[in-house]
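Asker: Dropping in work.cif, which is mmCIF, C-alpha atoms, pLDDT in the B column; chains and numbers go by the auth columns:
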```
data_start
#
loop_
_atom_site.group_PDB
_atom_site.id
_atom_site.type_symbol
_atom_site.label_atom_id
_atom_site.label_comp_id
_atom_site.label_asym_id
_atom_site.label_seq_id
_atom_site.Cartn_x
_atom_site.Cartn_y
_atom_site.Cartn_z
_atom_site.B_iso_or_equiv
_atom_site.auth_seq_id
_atom_site.auth_asym_id
ATOM 1 C CA MET A 1 2.402 -33.052 -0.449 38.00 1 R
ATOM 2 C CA THR A 2 -0.369 -30.682 0.611 43.00 2 R
ATOM 3 C CA HIS A 3 -3.767 -32.348 0.366 52.00 3 R
ATOM 4 C CA TYR A 4 -5.307 -30.130 -2.321 56.00 4 R
ATOM 5 C CA PHE A 5 -2.690 -31.232 -4.862 62.00 5 R
ATOM 6 C CA GLN A 6 -4.468 -34.558 -5.144 64.00 6 R
ATOM 7 C CA THR A 7 -8.098 -35.609 -5.421 67.00 7 R
ATOM 8 C CA PRO A 8 -9.513 -36.013 -1.894 66.00 8 R
ATOM 9 C CA SER A 9 -11.224 -39.196 -0.752 65.00 9 R
ATOM 10 C CA SER A 10 -13.503 -37.400 1.714 76.00 10 R
ATOM 11 C CA PRO A 11 -17.216 -36.884 0.922 77.00 11 R
ATOM 12 C CA GLU A 12 -17.879 -33.814 -1.188 78.00 12 R
ATOM 13 C CA ILE A 13 -20.105 -31.350 0.652 86.00 13 R
ATOM 14 C CA ARG A 14 -20.541 -28.176 -1.349 94.00 14 R
ATOM 15 C CA HIS A 15 -21.013 -24.631 -0.137 96.00 15 R
ATOM 16 C CA GLU A 16 -20.927 -21.169 -1.696 97.00 16 R
ATOM 17 C CA VAL A 17 -18.063 -18.696 -1.716 97.00 17 R
ATOM 18 C CA THR A 18 -18.764 -15.055 -2.573 97.00 18 R
ATOM 19 C CA ALA A 19 -16.078 -12.880 -4.139 97.00 19 R
ATOM 20 C CA ASP A 20 -15.805 -9.473 -5.771 97.00 20 R
ATOM 21 C CA ILE A 21 -13.571 -9.660 -8.842 98.00 21 R
ATOM 22 C CA TRP A 22 -12.868 -6.680 -11.078 97.00 22 R
ATOM 23 C CA GLY A 23 -16.017 -4.949 -9.855 96.00 23 R
ATOM 24 C CA ARG A 24 -18.359 -7.907 -10.295 97.00 24 R
ATOM 25 C CA GLU A 25 -19.780 -10.128 -7.570 97.00 25 R
ATOM 26 C CA TYR A 26 -19.450 -13.883 -8.003 98.00 26 R
ATOM 27 C CA ARG A 27 -20.969 -16.797 -6.123 98.00 27 R
ATOM 28 C CA PHE A 28 -18.894 -19.938 -6.575 98.00 28 R
ATOM 29 C CA LEU A 29 -19.492 -23.500 -5.486 98.00 29 R
ATOM 30 C CA SER A 30 -16.651 -24.917 -3.406 97.00 30 R
ATOM 31 C CA ALA A 31 -15.943 -27.903 -1.157 96.00 31 R
ATOM 32 C CA ALA A 32 -13.299 -29.124 1.259 93.00 32 R
ATOM 33 C CA GLY A 33 -10.288 -30.724 -0.370 93.00 33 R
ATOM 34 C CA VAL A 34 -9.562 -27.954 -2.894 95.00 34 R
ATOM 35 C CA PHE A 35 -7.285 -24.954 -2.573 92.00 35 R
ATOM 36 C CA SER A 36 -8.665 -22.209 -0.292 91.00 36 R
ATOM 37 C CA SER A 37 -12.058 -23.906 -0.206 91.00 37 R
ATOM 38 C CA SER A 38 -13.731 -21.455 2.188 92.00 38 R
ATOM 39 C CA ARG A 39 -12.908 -18.133 0.510 96.00 39 R
ATOM 40 C CA LEU A 40 -11.158 -16.480 -2.391 97.00 40 R
ATOM 41 C CA ASP A 41 -7.496 -16.950 -1.461 96.00 41 R
ATOM 42 C CA PRO A 42 -5.804 -13.712 -0.304 96.00 42 R
ATOM 43 C CA GLY A 43 -3.083 -14.093 -2.939 97.00 43 R
ATOM 44 C CA THR A 44 -5.647 -14.473 -5.706 97.00 44 R
ATOM 45 C CA SER A 45 -7.474 -11.417 -4.343 97.00 45 R
ATOM 46 C CA VAL A 46 -4.230 -9.438 -4.574 98.00 46 R
ATOM 47 C CA LEU A 47 -3.675 -10.707 -8.125 98.00 47 R
ATOM 48 C CA PHE A 48 -7.043 -9.324 -9.188 98.00 48 R
ATOM 49 C CA ARG A 49 -6.609 -6.076 -7.277 97.00 49 R
ATOM 50 C CA LEU A 50 -3.202 -5.274 -8.783 97.00 50 R
ATOM 51 C CA THR A 51 -4.104 -6.135 -12.376 97.00 51 R
ATOM 52 C CA ASP A 52 -6.638 -4.940 -14.888 96.00 52 R
ATOM 53 C CA PRO A 53 -8.752 -7.453 -16.758 95.00 53 R
ATOM 54 C CA PRO A 54 -7.251 -8.217 -20.174 96.00 54 R
ATOM 55 C CA PRO A 55 -8.879 -6.575 -23.197 95.00 55 R
ATOM 56 C CA ASP A 56 -11.583 -8.592 -24.887 97.00 56 R
ATOM 57 C CA ARG A 57 -10.108 -10.256 -27.939 96.00 57 R
ATOM 58 C CA ALA A 58 -9.985 -13.636 -29.625 97.00 58 R
ATOM 59 C CA ALA A 59 -7.246 -14.898 -27.307 97.00 59 R
ATOM 60 C CA ARG A 60 -6.505 -18.120 -25.460 98.00 60 R
ATOM 61 C CA PHE A 61 -5.872 -17.943 -21.727 98.00 61 R
ATOM 62 C CA LEU A 62 -4.610 -20.520 -19.248 98.00 62 R
ATOM 63 C CA ASP A 63 -5.690 -20.641 -15.611 98.00 63 R
ATOM 64 C CA LEU A 64 -2.890 -22.783 -14.165 98.00 64 R
ATOM 65 C CA GLY A 65 -3.969 -24.496 -10.942 97.00 65 R
ATOM 66 C CA CYS A 66 -7.602 -23.455 -11.215 97.00 66 R
ATOM 67 C CA GLY A 67 -8.974 -24.660 -7.856 96.00 67 R
ATOM 68 C CA PHE A 68 -12.729 -24.070 -7.932 97.00 68 R
ATOM 69 C CA GLY A 69 -12.287 -21.737 -10.899 98.00 69 R
ATOM 70 C CA PRO A 70 -12.287 -18.048 -9.904 98.00 70 R
ATOM 71 C CA ILE A 71 -9.450 -16.883 -12.157 98.00 71 R
ATOM 72 C CA GLY A 72 -10.514 -18.721 -15.303 98.00 72 R
ATOM 73 C CA ILE A 73 -14.177 -17.898 -14.891 98.00 73 R
ATOM 74 C CA ALA A 74 -13.487 -14.204 -14.278 98.00 74 R
ATOM 75 C CA LEU A 75 -11.309 -14.113 -17.410 98.00 75 R
ATOM 76 C CA ALA A 76 -14.032 -15.794 -19.448 98.00 76 R
ATOM 77 C CA ARG A 77 -16.710 -13.390 -18.223 98.00 77 R
ATOM 78 C CA MET A 78 -14.613 -10.278 -18.793 98.00 78 R
ATOM 79 C CA CYS A 79 -13.420 -11.437 -22.225 98.00 79 R
ATOM 80 C CA PRO A 80 -16.355 -12.960 -24.149 98.00 80 R
ATOM 81 C CA SER A 81 -14.237 -13.377 -27.298 98.00 81 R
ATOM 82 C CA ALA A 82 -11.582 -15.461 -25.539 98.00 82 R
ATOM 83 C CA HIS A 83 -11.264 -19.150 -24.721 98.00 83 R
ATOM 84 C CA VAL A 84 -9.934 -20.241 -21.332 98.00 84 R
ATOM 85 C CA ASP A 85 -8.263 -23.506 -20.385 98.00 85 R
ATOM 86 C CA ALA A 86 -8.550 -24.237 -16.647 98.00 86 R
ATOM 87 C CA VAL A 87 -6.029 -26.853 -15.499 98.00 87 R
ATOM 88 C CA ASP A 88 -5.652 -28.704 -12.209 97.00 88 R
ATOM 89 C CA VAL A 89 -4.516 -32.118 -10.936 96.00 89 R
ATOM 90 C CA ASN A 90 -7.370 -32.331 -8.408 95.00 90 R
ATOM 91 C CA ASP A 91 -10.475 -33.907 -9.933 96.00 91 R
ATOM 92 C CA ARG A 92 -12.751 -32.340 -7.325 96.00 92 R
ATOM 93 C CA ALA A 93 -11.434 -28.908 -8.294 97.00 93 R
ATOM 94 C CA LEU A 94 -12.111 -29.681 -11.954 98.00 94 R
ATOM 95 C CA SER A 95 -15.671 -30.797 -11.195 97.00 95 R
ATOM 96 C CA LEU A 96 -16.346 -27.623 -9.218 98.00 96 R
ATOM 97 C CA THR A 97 -14.867 -25.442 -11.961 98.00 97 R
ATOM 98 C CA ARG A 98 -17.016 -27.110 -14.617 98.00 98 R
ATOM 99 C CA ASP A 99 -20.158 -26.578 -12.543 98.00 99 R
ATOM 100 C CA ASN A 100 -19.231 -22.994 -11.693 98.00 100 R
ATOM 101 C CA ALA A 101 -18.558 -22.250 -15.361 98.00 101 R
ATOM 102 C CA ARG A 102 -21.971 -23.679 -16.246 98.00 102 R
ATOM 103 C CA ARG A 103 -23.740 -21.707 -13.495 97.00 103 R
ATOM 104 C CA LEU A 104 -22.072 -18.487 -14.620 98.00 104 R
ATOM 105 C CA GLY A 105 -22.703 -19.018 -18.326 98.00 105 R
ATOM 106 C CA VAL A 106 -19.148 -19.432 -19.616 98.00 106 R
ATOM 107 C CA ASP A 107 -18.879 -23.212 -19.962 98.00 107 R
ATOM 108 C CA GLU A 108 -18.937 -23.105 -23.760 98.00 108 R
ATOM 109 C CA ARG A 109 -15.790 -20.954 -23.737 98.00 109 R
ATOM 110 C CA MET A 110 -13.882 -22.915 -21.114 98.00 110 R
ATOM 111 C CA SER A 111 -12.041 -26.238 -21.274 98.00 111 R
ATOM 112 C CA VAL A 112 -11.524 -27.739 -17.808 98.00 112 R
ATOM 113 C CA LEU A 113 -8.716 -30.261 -17.977 98.00 113 R
ATOM 114 C CA ARG A 114 -6.085 -32.294 -16.224 97.00 114 R
ATOM 115 C CA PRO A 115 -2.613 -31.202 -17.375 97.00 115 R
ATOM 116 C CA ASP A 116 -2.025 -34.173 -19.674 97.00 116 R
ATOM 117 C CA GLU A 117 -5.361 -33.561 -21.410 98.00 117 R
ATOM 118 C CA VAL A 118 -4.233 -30.245 -22.914 98.00 118 R
ATOM 119 C CA PRO A 119 -3.328 -30.843 -26.575 97.00 119 R
ATOM 120 C CA ASP A 120 0.378 -30.474 -27.290 95.00 120 R
ATOM 121 C CA ALA A 121 -0.191 -27.872 -30.000 96.00 121 R
ATOM 122 C CA VAL A 122 -2.082 -25.395 -27.797 98.00 122 R
ATOM 123 C CA THR A 123 -0.285 -22.131 -27.017 97.00 123 R
ATOM 124 C CA TYR A 124 -1.423 -19.193 -24.924 97.00 124 R
ATOM 125 C CA ASP A 125 -1.675 -15.436 -25.196 97.00 125 R
ATOM 126 C CA GLU A 126 -1.805 -15.141 -21.402 97.00 126 R
ATOM 127 C CA ILE A 127 -1.214 -17.400 -18.417 98.00 127 R
ATOM 128 C CA TRP A 128 -2.702 -16.450 -15.058 98.00 128 R
ATOM 129 C CA SER A 129 -1.775 -18.315 -11.892 98.00 129 R
ATOM 130 C CA ASN A 130 -1.474 -18.394 -8.146 97.00 130 R
ATOM 131 C CA PRO A 131 1.088 -21.188 -8.524 96.00 131 R
ATOM 132 C CA PRO A 132 1.369 -24.062 -6.023 93.00 132 R
ATOM 133 C CA ILE A 133 4.529 -22.932 -4.254 92.00 133 R
ATOM 134 C CA ARG A 134 4.209 -25.583 -1.553 87.00 134 R
ATOM 135 C CA ILE A 135 4.848 -28.469 -3.940 91.00 135 R
ATOM 136 C CA GLY A 136 8.546 -27.653 -3.522 91.00 136 R
ATOM 137 C CA LYS A 137 11.072 -25.679 -5.528 93.00 137 R
ATOM 138 C CA HIS A 138 12.086 -28.500 -7.887 95.00 138 R
ATOM 139 C CA ASP A 139 8.521 -29.438 -8.823 95.00 139 R
ATOM 140 C CA LEU A 140 7.492 -25.790 -9.066 96.00 140 R
ATOM 141 C CA HIS A 141 10.334 -25.006 -11.449 97.00 141 R
ATOM 142 C CA ASN A 142 9.381 -28.004 -13.604 97.00 142 R
ATOM 143 C CA LEU A 143 5.740 -26.902 -13.599 97.00 143 R
ATOM 144 C CA LEU A 144 6.525 -23.347 -14.659 97.00 144 R
ATOM 145 C CA THR A 145 9.064 -24.461 -17.256 96.00 145 R
ATOM 146 C CA ARG A 146 6.457 -26.754 -18.808 97.00 146 R
ATOM 147 C CA TRP A 147 3.674 -24.205 -19.068 97.00 147 R
ATOM 148 C CA LEU A 148 5.589 -20.996 -19.733 97.00 148 R
ATOM 149 C CA ALA A 149 7.020 -22.744 -22.797 96.00 149 R
ATOM 150 C CA ARG A 150 3.474 -22.637 -24.192 97.00 150 R
ATOM 151 C CA LEU A 151 3.298 -18.847 -24.235 96.00 151 R
ATOM 152 C CA LYS A 152 3.121 -17.298 -27.671 95.00 152 R
ATOM 153 C CA PRO A 153 6.145 -15.133 -28.612 93.00 153 R
ATOM 154 C CA ASP A 154 4.335 -11.977 -27.505 93.00 154 R
ATOM 155 C CA GLY A 155 2.454 -13.684 -24.659 95.00 155 R
ATOM 156 C CA THR A 156 2.568 -12.770 -20.982 96.00 156 R
ATOM 157 C CA ALA A 157 2.060 -14.543 -17.680 97.00 157 R
ATOM 158 C CA LYS A 158 0.748 -12.991 -14.485 98.00 158 R
ATOM 159 C CA LEU A 159 1.718 -14.744 -11.250 98.00 159 R
ATOM 160 C CA VAL A 160 1.073 -13.984 -7.591 98.00 160 R
ATOM 161 C CA VAL A 161 3.534 -15.356 -5.029 97.00 161 R
ATOM 162 C CA GLY A 162 3.843 -14.905 -1.272 96.00 162 R
ATOM 163 C CA LYS A 163 6.918 -12.942 -0.219 95.00 163 R
ATOM 164 C CA ASN A 164 7.541 -15.360 2.656 94.00 164 R
ATOM 165 C CA LEU A 165 7.217 -18.286 0.239 92.00 165 R
ATOM 166 C CA GLY A 166 10.088 -17.163 -1.949 93.00 166 R
ATOM 167 C CA ALA A 167 8.645 -14.606 -4.354 96.00 167 R
ATOM 168 C CA ASP A 168 11.957 -12.814 -4.821 96.00 168 R
ATOM 169 C CA SER A 169 14.002 -15.986 -5.304 96.00 169 R
ATOM 170 C CA LEU A 170 11.432 -17.242 -7.809 97.00 170 R
ATOM 171 C CA SER A 171 11.684 -13.952 -9.698 96.00 171 R
ATOM 172 C CA SER A 172 15.480 -14.321 -9.817 96.00 172 R
ATOM 173 C CA TRP A 173 15.189 -17.893 -11.062 97.00 173 R
ATOM 174 C CA LEU A 174 12.728 -16.871 -13.792 96.00 174 R
ATOM 175 C CA GLU A 175 15.121 -14.155 -14.953 94.00 175 R
ATOM 176 C CA SER A 176 17.932 -16.724 -15.029 94.00 176 R
ATOM 177 C CA GLN A 177 15.769 -18.771 -17.393 93.00 177 R
ATOM 178 C CA GLY A 178 15.532 -15.861 -19.846 93.00 178 R
ATOM 179 C CA TRP A 179 12.178 -14.411 -18.807 94.00 179 R
ATOM 180 C CA GLY A 180 11.614 -10.725 -18.457 94.00 180 R
ATOM 181 C CA VAL A 181 10.019 -10.161 -15.045 95.00 181 R
ATOM 182 C CA ALA A 182 8.243 -6.976 -14.010 94.00 182 R
ATOM 183 C CA LYS A 183 6.827 -6.502 -10.512 95.00 183 R
ATOM 184 C CA LEU A 184 3.327 -5.070 -10.815 96.00 184 R
ATOM 185 C CA GLY A 185 2.997 -4.456 -7.093 96.00 185 R
ATOM 186 C CA SER A 186 2.934 -5.886 -3.587 97.00 186 R
ATOM 187 C CA SER A 187 0.126 -6.145 -1.046 97.00 187 R
ATOM 188 C CA LYS A 188 -0.689 -8.131 2.080 96.00 188 R
ATOM 189 C CA GLY A 189 2.493 -10.173 1.859 97.00 189 R
ATOM 190 C CA PHE A 190 2.187 -11.046 -1.830 98.00 190 R
ATOM 191 C CA ARG A 191 4.003 -9.918 -4.971 97.00 191 R
ATOM 192 C CA VAL A 192 2.426 -9.872 -8.431 98.00 192 R
ATOM 193 C CA PHE A 193 4.731 -10.437 -11.408 97.00 193 R
ATOM 194 C CA CYS A 194 4.215 -10.078 -15.138 97.00 194 R
ATOM 195 C CA LEU A 195 6.453 -12.264 -17.300 96.00 195 R
ATOM 196 C CA GLY A 196 7.310 -11.917 -20.963 91.00 196 R
ATOM 197 C CA SER A 197 9.761 -13.615 -23.282 70.00 197 R
ATOM 198 C CA SER A 198 13.471 -12.837 -23.362 51.00 198 R
ATOM 199 C CA HIS A 199 13.265 -9.095 -22.673 46.00 199 R
ATOM 200 C CA VAL A 200 12.472 -7.051 -19.614 44.00 200 R
ATOM 201 C CA ILE A 201 8.896 -5.806 -19.500 46.00 201 R
ATOM 202 C CA ARG A 202 8.648 -2.067 -18.810 40.00 202 R
#
```
Kindly transcribe the structure held in the file into structure tokens.
Answerer:
Amino acid sequence: MTHYFQTPSSPEIRHEVTADIWGREYRFLSAAGVFSSSRLDPGTSVLFRLTDPPPDRAARFLDLGCGFGPIGIALARMCPSAHVDAVDVNDRALSLTRDNARRLGVDERMSVLRPDEVPDAVTYDEIWSNPPIRIGKHDLHNLLTRWLARLKPDGTAKLVVGKNLGADSLSSWLESQGWGVAKLGSSKGFRVFCLGSSHVIR
């Protein structure tokens, strides 16, 4: 299992990562032992570039596999009426996300949680994720099955997946599970998909 899918035992030495997201500059705290610790991951950059920020409304969003928090925090800043759950299995990632949310003034509208801490009754208007493909196909399918089941009937999920890591086969599998899958675009070796419930998104 790749190291960032578990809490590292190494000392935590923090540094800053700068990123431009939806026309705003962000300065995040990061540290070794979390996903793409030295920069905004190229796949996540493509996800932002090929999507528009969601409209501001009283919605609930999920950042699945939050790392140091760029997706969830950007959603919270662009949508002041929304609440964002940021979920990860790496406790260092969760600590960084909490501190980044506090630094950027969105901590009161974010819940930063391990997966089993999310209440069973919570459902989502939107899920955003650069999912952990490298955990293996079986575990990835279980992960997506678990969280996509929490989408509201009219909810959507936006995912970015590397083409060389099985983006097309994942799209086919999602369709076989009854999800409508629309490709929003491709760039730099990544595909961005939008998923909806049992109909094709157009």
Asker: At a cut-off of 10 Å around the point (3.5, -11.9, -11.8) (file coordinates), what residues fall inside when counting only C-alpha atoms? I'd like the answer as a ChimeraX atom specification.
Answerer: /R:47,50-51,127-130,156-161,167,171,181-185,191-196
Asker: Please provide the set of residues having any atom within 8 Å of region 111-126 of chain R, restricted to all atoms listed in the file, with same-chain residues fewer than 3 positions apart removed, written as a ChimeraX atom specification.
Answerer: /R:59-62,83-91,94,97-98,107-108,150-152,154-158
Asker: Written as a ChimeraX atom specification, what is the full residue list that the PyMOL selection byres ((chain R and resi 133) around 10) yields on the file shown?
Answerer: /R:130-132,134-137,139-141,161-162,165-167,170
Asker: Of the residues R:Ala58, R:Ala82, R:Ile71, R:Ala76, which is the one nearest to Thr44 (chain R), using all atoms listed in the file?
Answerer: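 For Thr44 (chain R), the nearest of the candidates is R:Ile71.
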Asker: Please indicate the distance in Å from CA of Gly65 (chain R) to CA of Ala93 (chain R), rounded to one decimal place.
Answerer: 9.1 Å
